[in-house]
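Visitor: To be precise about what I am sending: the file is called entry20.txt and holds compact mmCIF, N, CA and C atoms.
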```txt
# COMPACT_ATOMS: atom_id res chain seq x y z
N MET E 115 169.05 183.79 8.68
CA MET E 115 168.37 183.48 9.88
C MET E 115 169.20 183.89 11.08
N ALA E 116 170.44 183.78 10.87
CA ALA E 116 171.31 184.18 11.96
C ALA E 116 171.12 185.65 12.23
N GLU E 117 170.86 186.38 11.19
CA GLU E 117 170.66 187.80 11.36
C GLU E 117 169.40 188.07 12.16
N GLN E 118 168.43 187.30 11.90
CA GLN E 118 167.17 187.51 12.60
C GLN E 118 167.34 187.18 14.06
N ALA E 119 168.14 186.20 14.38
CA ALA E 119 168.33 185.83 15.76
C ALA E 119 169.08 186.92 16.49
N LYS E 120 169.93 187.64 15.80
CA LYS E 120 170.71 188.67 16.43
C LYS E 120 169.90 189.92 16.68
N VAL E 121 168.87 190.09 15.91
CA VAL E 121 168.09 191.32 16.05
C VAL E 121 167.34 191.25 17.37
N LYS E 122 167.57 192.23 18.13
CA LYS E 122 166.90 192.25 19.42
C LYS E 122 165.64 193.07 19.28
N THR E 123 164.67 192.61 19.93
CA THR E 123 163.42 193.37 19.89
C THR E 123 163.45 194.35 21.02
N ALA E 124 162.86 195.42 20.75
CA ALA E 124 162.85 196.47 21.78
C ALA E 124 161.93 196.04 22.91
N PRO E 125 162.36 196.36 24.12
CA PRO E 125 161.49 195.97 25.23
C PRO E 125 160.17 196.74 25.15
N LYS E 126 159.16 196.06 25.59
CA LYS E 126 157.83 196.68 25.52
C LYS E 126 157.77 197.79 26.54
N THR E 127 157.21 198.85 26.07
CA THR E 127 157.07 199.98 26.99
C THR E 127 155.63 200.06 27.43
N ALA E 128 155.42 200.54 28.56
CA ALA E 128 154.06 200.65 29.08
C ALA E 128 153.30 201.67 28.25
N ALA E 129 152.03 201.40 28.03
CA ALA E 129 151.21 202.31 27.23
C ALA E 129 151.07 203.60 28.00
N LYS E 130 151.14 204.64 27.25
CA LYS E 130 151.03 205.93 27.90
C LYS E 130 149.58 206.19 28.24
N ARG E 131 149.41 206.73 29.42
CA ARG E 131 148.06 207.08 29.83
C ARG E 131 147.76 208.49 29.38
N LYS E 132 146.51 208.63 29.07
CA LYS E 132 146.10 209.96 28.69
C LYS E 132 145.96 210.77 29.96
N PRO E 133 146.29 211.98 29.87
CA PRO E 133 146.15 212.79 31.09
C PRO E 133 144.68 212.88 31.47
N ALA E 134 144.41 212.86 32.75
CA ALA E 134 143.03 212.92 33.26
C ALA E 134 142.41 214.22 32.81
N ALA E 135 141.15 214.11 32.46
CA ALA E 135 140.45 215.31 32.02
C ALA E 135 140.37 216.27 33.18
N LYS E 136 140.51 217.46 32.84
CA LYS E 136 140.44 218.45 33.89
C LYS E 136 139.02 218.53 34.40
N ARG E 137 138.93 218.55 35.67
CA ARG E 137 137.62 218.65 36.26
C ARG E 137 137.15 220.08 36.22
N LYS E 138 135.86 220.14 35.97
CA LYS E 138 135.28 221.47 35.97
C LYS E 138 135.07 221.87 37.42
N PRO E 139 135.19 223.10 37.66
CA PRO E 139 134.95 223.51 39.05
C PRO E 139 133.50 223.19 39.42
N ALA E 140 133.30 222.78 40.65
CA ALA E 140 131.98 222.37 41.12
C ALA E 140 131.00 223.51 40.90
N ALA E 141 129.87 223.10 40.31
CA ALA E 141 128.85 224.11 40.06
C ALA E 141 128.25 224.53 41.38
N LYS E 142 127.84 225.70 41.39
CA LYS E 142 127.23 226.20 42.61
C LYS E 142 125.92 225.47 42.82
N ARG E 143 125.70 225.03 44.02
CA ARG E 143 124.47 224.35 44.32
C ARG E 143 123.34 225.35 44.38
N LYS E 144 122.21 224.81 43.91
CA LYS E 144 121.03 225.66 43.95
C LYS E 144 120.55 225.70 45.40
N PRO E 145 120.02 226.78 45.79
CA PRO E 145 119.52 226.83 47.15
C PRO E 145 118.34 225.87 47.28
N ALA E 146 118.17 225.29 48.45
CA ALA E 146 117.09 224.34 48.69
C ALA E 146 115.76 224.99 48.36
N ALA E 147 114.84 224.11 47.90
CA ALA E 147 113.52 224.64 47.54
C ALA E 147 112.92 225.30 48.76
N LYS E 148 112.09 226.20 48.48
CA LYS E 148 111.46 226.91 49.58
C LYS E 148 110.68 225.92 50.41
N LYS E 149 110.63 226.13 51.67
CA LYS E 149 109.89 225.24 52.55
C LYS E 149 108.43 225.24 52.16
N ALA E 150 107.79 224.03 52.30
CA ALA E 150 106.38 223.91 51.95
C ALA E 150 105.58 224.86 52.83
N THR E 151 104.63 225.42 52.21
CA THR E 151 103.80 226.36 52.96
C THR E 151 102.93 225.58 53.92
N PRO E 152 102.56 226.17 55.00
CA PRO E 152 101.70 225.47 55.96
C PRO E 152 100.38 225.06 55.33
N GLU E 153 99.92 225.82 54.37
CA GLU E 153 98.65 225.50 53.71
C GLU E 153 98.78 224.20 52.91
N PHE E 154 99.90 224.05 52.19
CA PHE E 154 100.14 222.84 51.41
C PHE E 154 100.25 221.62 52.32
N ALA E 155 100.96 221.75 53.42
CA ALA E 155 101.12 220.64 54.36
C ALA E 155 99.78 220.22 54.93
N THR E 156 98.95 221.19 55.23
CA THR E 156 97.62 220.88 55.78
C THR E 156 96.79 220.14 54.75
N LYS E 157 96.85 220.59 53.50
CA LYS E 157 96.08 219.94 52.43
C LYS E 157 96.57 218.51 52.20
N ALA E 158 97.88 218.31 52.21
CA ALA E 158 98.44 216.98 52.00
C ALA E 158 98.05 216.05 53.15
N GLN E 159 98.10 216.57 54.35
CA GLN E 159 97.73 215.77 55.51
C GLN E 159 96.25 215.39 55.45
N GLU E 160 95.42 216.33 55.05
CA GLU E 160 93.98 216.06 54.94
C GLU E 160 93.69 215.05 53.83
N ALA E 161 94.40 215.15 52.72
CA ALA E 161 94.21 214.20 51.61
C ALA E 161 94.61 212.80 52.03
N SER E 162 95.72 212.67 52.75
CA SER E 162 96.14 211.33 53.19
C SER E 162 95.16 210.77 54.22
N ARG E 163 94.63 211.63 55.06
CA ARG E 163 93.64 211.18 56.05
C ARG E 163 92.38 210.68 55.35
N ARG E 164 91.95 211.42 54.32
CA ARG E 164 90.75 211.00 53.57
C ARG E 164 90.99 209.66 52.87
N ALA E 165 92.16 209.47 52.30
CA ALA E 165 92.48 208.20 51.64
C ALA E 165 92.44 207.05 52.65
N PHE E 166 92.97 207.30 53.83
CA PHE E 166 92.94 206.29 54.89
C PHE E 166 91.50 205.98 55.29
N LEU E 167 90.70 207.02 55.46
CA LEU E 167 89.29 206.82 55.84
C LEU E 167 88.51 206.10 54.73
N ALA E 168 88.84 206.39 53.47
CA ALA E 168 88.17 205.70 52.36
C ALA E 168 88.50 204.21 52.39
N SER E 169 89.75 203.87 52.67
CA SER E 169 90.11 202.45 52.74
C SER E 169 89.42 201.78 53.93
N LEU E 170 89.30 202.48 55.04
CA LEU E 170 88.56 201.92 56.18
C LEU E 170 87.09 201.71 55.82
N GLY E 171 86.53 202.66 55.10
CA GLY E 171 85.14 202.54 54.67
C GLY E 171 84.94 201.35 53.75
N PHE E 172 85.91 201.14 52.86
CA PHE E 172 85.83 200.00 51.94
C PHE E 172 85.83 198.69 52.72
N TYR E 173 86.76 198.55 53.65
CA TYR E 173 86.82 197.32 54.44
C TYR E 173 85.57 197.14 55.30
N GLY E 174 85.06 198.24 55.83
CA GLY E 174 83.84 198.17 56.62
C GLY E 174 82.66 197.71 55.79
N LYS E 175 82.56 198.24 54.58
CA LYS E 175 81.45 197.85 53.70
C LYS E 175 81.57 196.38 53.30
N ALA E 176 82.77 195.94 52.99
CA ALA E 176 82.98 194.53 52.62
C ALA E 176 82.63 193.62 53.79
N PHE E 177 82.99 194.02 55.00
CA PHE E 177 82.66 193.23 56.19
C PHE E 177 81.15 193.16 56.38
N ASP E 178 80.46 194.29 56.21
CA ASP E 178 79.01 194.31 56.37
C ASP E 178 78.32 193.39 55.36
N GLN E 179 78.80 193.41 54.11
CA GLN E 179 78.22 192.56 53.08
C GLN E 179 78.46 191.08 53.40
N ALA E 180 79.65 190.76 53.84
CA ALA E 180 79.96 189.36 54.19
C ALA E 180 79.10 188.92 55.37
N GLN E 181 78.92 189.80 56.35
CA GLN E 181 78.10 189.47 57.52
C GLN E 181 76.65 189.26 57.10
N GLU E 182 76.16 190.08 56.19
CA GLU E 182 74.78 189.95 55.70
C GLU E 182 74.58 188.63 54.97
N GLN E 183 75.54 188.26 54.12
CA GLN E 183 75.45 186.99 53.40
C GLN E 183 75.49 185.82 54.38
N PHE E 184 76.33 185.91 55.39
CA PHE E 184 76.42 184.85 56.39
C PHE E 184 75.09 184.70 57.13
N ASN E 185 74.49 185.82 57.52
CA ASN E 185 73.21 185.77 58.23
C ASN E 185 72.12 185.18 57.33
N ASN E 186 72.11 185.55 56.05
CA ASN E 186 71.13 184.99 55.12
C ASN E 186 71.29 183.47 54.99
N MET E 187 72.53 183.02 54.92
CA MET E 187 72.78 181.58 54.82
C MET E 187 72.34 180.86 56.08
N GLN E 188 72.56 181.48 57.23
CA GLN E 188 72.11 180.86 58.48
C GLN E 188 70.59 180.75 58.52
N ASP E 189 69.90 181.80 58.06
CA ASP E 189 68.44 181.77 58.01
C ASP E 189 67.94 180.67 57.08
N GLN E 190 68.57 180.54 55.92
CA GLN E 190 68.18 179.50 54.97
C GLN E 190 68.41 178.11 55.57
N MET E 191 69.53 177.93 56.25
CA MET E 191 69.81 176.63 56.86
C MET E 191 68.79 176.32 57.96
N GLU E 192 68.40 177.31 58.72
CA GLU E 192 67.40 177.10 59.77
C GLU E 192 66.05 176.71 59.17
N ASP E 193 65.67 177.39 58.07
CA ASP E 193 64.41 177.04 57.38
C ASP E 193 64.46 175.61 56.86
N ARG E 194 65.57 175.23 56.27
CA ARG E 194 65.70 173.87 55.74
C ARG E 194 65.69 172.84 56.85
N ARG E 195 66.30 173.18 57.98
CA ARG E 195 66.30 172.26 59.11
C ARG E 195 64.87 172.04 59.63
N LYS E 196 64.09 173.12 59.69
CA LYS E 196 62.71 173.01 60.14
C LYS E 196 61.89 172.14 59.17
N LYS E 197 62.09 172.36 57.87
CA LYS E 197 61.38 171.55 56.87
C LYS E 197 61.77 170.09 56.98
N ALA E 198 63.07 169.83 57.19
CA ALA E 198 63.55 168.45 57.32
C ALA E 198 62.94 167.78 58.55
N ASP E 199 62.86 168.51 59.66
CA ASP E 199 62.25 167.95 60.87
C ASP E 199 60.78 167.63 60.63
N LYS E 200 60.08 168.53 59.95
CA LYS E 200 58.66 168.31 59.67
C LYS E 200 58.48 167.08 58.77
N LEU E 201 59.30 166.98 57.73
CA LEU E 201 59.22 165.84 56.82
C LEU E 201 59.54 164.54 57.56
N TYR E 202 60.52 164.58 58.44
CA TYR E 202 60.89 163.39 59.21
C TYR E 202 59.72 162.92 60.07
N LYS E 203 59.06 163.85 60.72
CA LYS E 203 57.91 163.48 61.56
C LYS E 203 56.79 162.88 60.72
N GLU E 204 56.57 163.46 59.53
CA GLU E 204 55.54 162.91 58.63
C GLU E 204 55.88 161.49 58.20
N LEU E 205 57.16 161.26 57.90
CA LEU E 205 57.59 159.92 57.48
C LEU E 205 57.44 158.90 58.61
N VAL E 206 57.76 159.31 59.82
CA VAL E 206 57.60 158.41 60.96
C VAL E 206 56.13 158.07 61.15
N LYS E 207 55.28 159.07 61.03
CA LYS E 207 53.83 158.85 61.18
C LYS E 207 53.33 157.88 60.11
N ARG E 208 53.77 158.08 58.88
CA ARG E 208 53.37 157.21 57.76
C ARG E 208 53.89 155.79 58.00
N GLY E 209 55.12 155.68 58.49
CA GLY E 209 55.69 154.35 58.77
C GLY E 209 54.92 153.62 59.85
N GLN E 210 54.47 154.34 60.86
CA GLN E 210 53.67 153.70 61.91
C GLN E 210 52.35 153.17 61.35
N LYS E 211 51.74 153.93 60.44
CA LYS E 211 50.48 153.50 59.83
C LYS E 211 50.70 152.23 58.99
N VAL E 212 51.77 152.23 58.19
CA VAL E 212 52.07 151.06 57.35
C VAL E 212 52.36 149.85 58.23
N GLU E 213 53.11 150.06 59.31
CA GLU E 213 53.42 148.96 60.22
C GLU E 213 52.13 148.37 60.81
N LYS E 214 51.24 149.24 61.21
CA LYS E 214 49.96 148.79 61.79
C LYS E 214 49.17 147.97 60.77
N ASP E 215 49.09 148.50 59.53
CA ASP E 215 48.37 147.78 58.47
C ASP E 215 49.01 146.42 58.18
N ALA E 216 50.32 146.37 58.19
CA ALA E 216 51.03 145.12 57.90
C ALA E 216 50.78 144.09 59.00
N LYS E 217 50.78 144.55 60.23
CA LYS E 217 50.54 143.62 61.35
C LYS E 217 49.13 143.03 61.25
N VAL E 218 48.15 143.87 60.90
CA VAL E 218 46.78 143.38 60.76
C VAL E 218 46.70 142.39 59.61
N ALA E 219 47.36 142.69 58.49
CA ALA E 219 47.30 141.82 57.31
C ALA E 219 47.95 140.47 57.58
N PHE E 220 49.03 140.44 58.33
CA PHE E 220 49.73 139.18 58.57
C PHE E 220 49.27 138.47 59.83
N LYS E 221 48.39 139.09 60.58
CA LYS E 221 47.94 138.50 61.83
C LYS E 221 47.17 137.19 61.61
N ASP E 222 46.33 137.19 60.58
CA ASP E 222 45.51 136.00 60.36
C ASP E 222 46.27 134.88 59.64
N ILE E 223 47.49 135.12 59.23
CA ILE E 223 48.27 134.06 58.58
C ILE E 223 48.96 133.25 59.67
N GLU E 224 48.68 131.96 59.65
CA GLU E 224 49.26 131.08 60.66
C GLU E 224 50.38 130.27 60.01
N LEU E 225 51.44 130.22 60.68
CA LEU E 225 52.56 129.42 60.19
C LEU E 225 52.85 128.34 61.24
N PRO E 226 52.14 127.22 61.12
CA PRO E 226 52.36 126.15 62.10
C PRO E 226 53.71 125.49 61.87
N LYS E 227 54.09 124.71 62.84
CA LYS E 227 55.33 123.96 62.68
C LYS E 227 55.13 122.95 61.56
N LEU E 228 55.95 123.05 60.58
CA LEU E 228 55.81 122.17 59.43
C LEU E 228 56.98 121.21 59.37
N GLU E 229 56.66 120.03 59.01
CA GLU E 229 57.70 119.04 58.81
C GLU E 229 57.89 118.92 57.30
N LEU E 230 59.06 119.30 56.86
CA LEU E 230 59.30 119.33 55.43
C LEU E 230 59.70 117.97 54.86
N ASP E 231 59.65 116.97 55.67
CA ASP E 231 60.04 115.65 55.18
C ASP E 231 59.01 115.06 54.24
N SER E 232 57.78 115.31 54.52
CA SER E 232 56.76 114.69 53.68
C SER E 232 56.28 115.65 52.61
N LEU E 233 55.74 115.09 51.56
CA LEU E 233 55.25 115.88 50.43
C LEU E 233 54.01 116.68 50.82
N THR E 234 53.20 116.15 51.70
CA THR E 234 51.98 116.86 52.11
C THR E 234 52.31 118.14 52.86
N ASP E 235 53.36 118.10 53.66
CA ASP E 235 53.77 119.32 54.38
C ASP E 235 54.27 120.39 53.40
N ARG E 236 54.88 119.92 52.34
CA ARG E 236 55.35 120.87 51.31
C ARG E 236 54.17 121.54 50.65
N LYS E 237 53.12 120.80 50.39
CA LYS E 237 51.94 121.37 49.75
C LYS E 237 51.29 122.39 50.68
N LYS E 238 51.27 122.08 51.98
CA LYS E 238 50.72 123.03 52.94
C LYS E 238 51.55 124.32 52.96
N LEU E 239 52.85 124.14 52.90
CA LEU E 239 53.75 125.30 52.90
C LEU E 239 53.54 126.16 51.66
N GLU E 240 53.37 125.54 50.51
CA GLU E 240 53.14 126.28 49.28
C GLU E 240 51.82 127.05 49.34
N LYS E 241 50.78 126.42 49.92
CA LYS E 241 49.49 127.11 50.06
C LYS E 241 49.64 128.33 50.96
N GLN E 242 50.36 128.16 52.06
CA GLN E 242 50.58 129.28 52.97
C GLN E 242 51.38 130.40 52.28
N LEU E 243 52.35 129.99 51.50
CA LEU E 243 53.18 130.96 50.79
C LEU E 243 52.35 131.74 49.77
N GLU E 244 51.49 131.07 49.06
CA GLU E 244 50.61 131.75 48.11
C GLU E 244 49.68 132.72 48.83
N LYS E 245 49.18 132.31 49.98
CA LYS E 245 48.32 133.16 50.78
C LYS E 245 49.07 134.42 51.24
N VAL E 246 50.31 134.24 51.67
CA VAL E 246 51.15 135.36 52.11
C VAL E 246 51.42 136.31 50.94
N LYS E 247 51.73 135.77 49.78
CA LYS E 247 51.98 136.61 48.60
C LYS E 247 50.75 137.42 48.23
N ALA E 248 49.59 136.81 48.31
CA ALA E 248 48.34 137.51 47.99
C ALA E 248 48.10 138.64 48.99
N ARG E 249 48.32 138.36 50.27
CA ARG E 249 48.13 139.39 51.31
C ARG E 249 49.11 140.55 51.12
N PHE E 250 50.32 140.18 50.77
CA PHE E 250 51.35 141.20 50.57
C PHE E 250 51.00 142.09 49.37
N ALA E 251 50.51 141.51 48.31
CA ALA E 251 50.09 142.28 47.13
C ALA E 251 48.95 143.23 47.51
N GLU E 252 47.99 142.74 48.32
CA GLU E 252 46.89 143.60 48.77
C GLU E 252 47.43 144.77 49.60
N LEU E 253 48.36 144.46 50.47
CA LEU E 253 48.95 145.49 51.32
C LEU E 253 49.67 146.55 50.49
N LYS E 254 50.40 146.10 49.46
CA LYS E 254 51.11 147.04 48.58
C LYS E 254 50.12 147.97 47.89
N GLU E 255 48.99 147.45 47.45
CA GLU E 255 47.98 148.28 46.77
C GLU E 255 47.35 149.27 47.72
N THR E 256 47.06 148.87 48.92
CA THR E 256 46.42 149.79 49.88
C THR E 256 47.38 150.89 50.31
N VAL E 257 48.63 150.58 50.41
CA VAL E 257 49.63 151.59 50.83
C VAL E 257 50.02 152.47 49.66
N GLY E 258 49.87 151.99 48.44
CA GLY E 258 50.29 152.76 47.28
C GLY E 258 51.76 152.61 47.01
N PHE E 259 52.32 151.47 47.34
CA PHE E 259 53.74 151.20 47.15
C PHE E 259 54.01 150.94 45.67
N LYS E 260 55.00 151.67 45.14
CA LYS E 260 55.38 151.48 43.73
C LYS E 260 56.75 150.85 43.68
N THR E 261 56.88 149.87 42.82
CA THR E 261 58.19 149.21 42.70
C THR E 261 59.02 149.99 41.70
N ALA E 262 60.32 149.95 41.89
CA ALA E 262 61.23 150.63 40.98
C ALA E 262 61.52 149.72 39.80
N ALA E 263 61.06 150.09 38.64
CA ALA E 263 61.30 149.26 37.47
C ALA E 263 61.60 150.11 36.27
```
Render the structure in this file as structure tokens.
Guide:
Amino acid sequence: MAEQAKVKTAPKTAAKRKPAAKRKPAAKRKPAAKKATPEFATKAQEASRRAFLASLGFYGKAFDQAQEQFNNMQDQMEDRRKKADKLYKELVKRGQKVEKDAKVAFKDIELPKLELDSLTDRKKLEKQLEKVKARFAELKETVGFKTAA
């Protein structure tokens, strides 16, 4: 072991670099492409203009269709509003007729001041109530009122 301790290790040497590859001489550049002919430039300009006009036409057509749909919806709403107004007037007219009939039907019913203390007043009240129920049933039949059942 003593021998091993005495053995000196060689100092590390830097790794050798490989010599840089020789560069090839720069290739000759190709001459620039020939300038576009005026005819080609004109055609390209015209094609781009047509593409632009086509996109404008598309947006214009979409706008026209949206405007047409909007106008149709406004017309439909106006028609519905007119129908609703007409129906409302009919309902008011019908309500006035029913009110008139009801007033006539209940006009002849007298409700005097009743004293509920005595049994006889209760009997009078029940008779009046039966009379009112009968009149109301008659009124329902004449008006054509249907109950929800």
Visitor: What gap, in Å, lies between atom CA of E:Ala251 and atom N of E:Val212?
Guide: 15.0 Å
Visitor: State, in Å with one decimal place, the distance from atom C of E:Glu255 to atom CA of E:Asp215.
Guide: 10.9 Å
Visitor: At what distance in Å, to one decimal, does atom CA of E:Gly258 lie from atom CA of E:Glu204?
Guide: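 If I compute the distance from atom CA of E:Glu204 to atom CA of E:Gly258, I get 16.1 Å.
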Visitor: Could you give me, as an MDAnalysis selection string, the residues that sit within 7 Å of (48.8, 140.1, 54.4) in the file's coordinates, counting only C-alpha atoms?
Guide: chainID E and resid 216 219:220 246 248:250 252:253
Visitor: Looking only at helix (DSSP H, G or I) from DSSP on the backbone, list the matching residues of stretch 173-238 of chain E as an NGL selection string.
Guide: :E and (173-221 or 233-238)
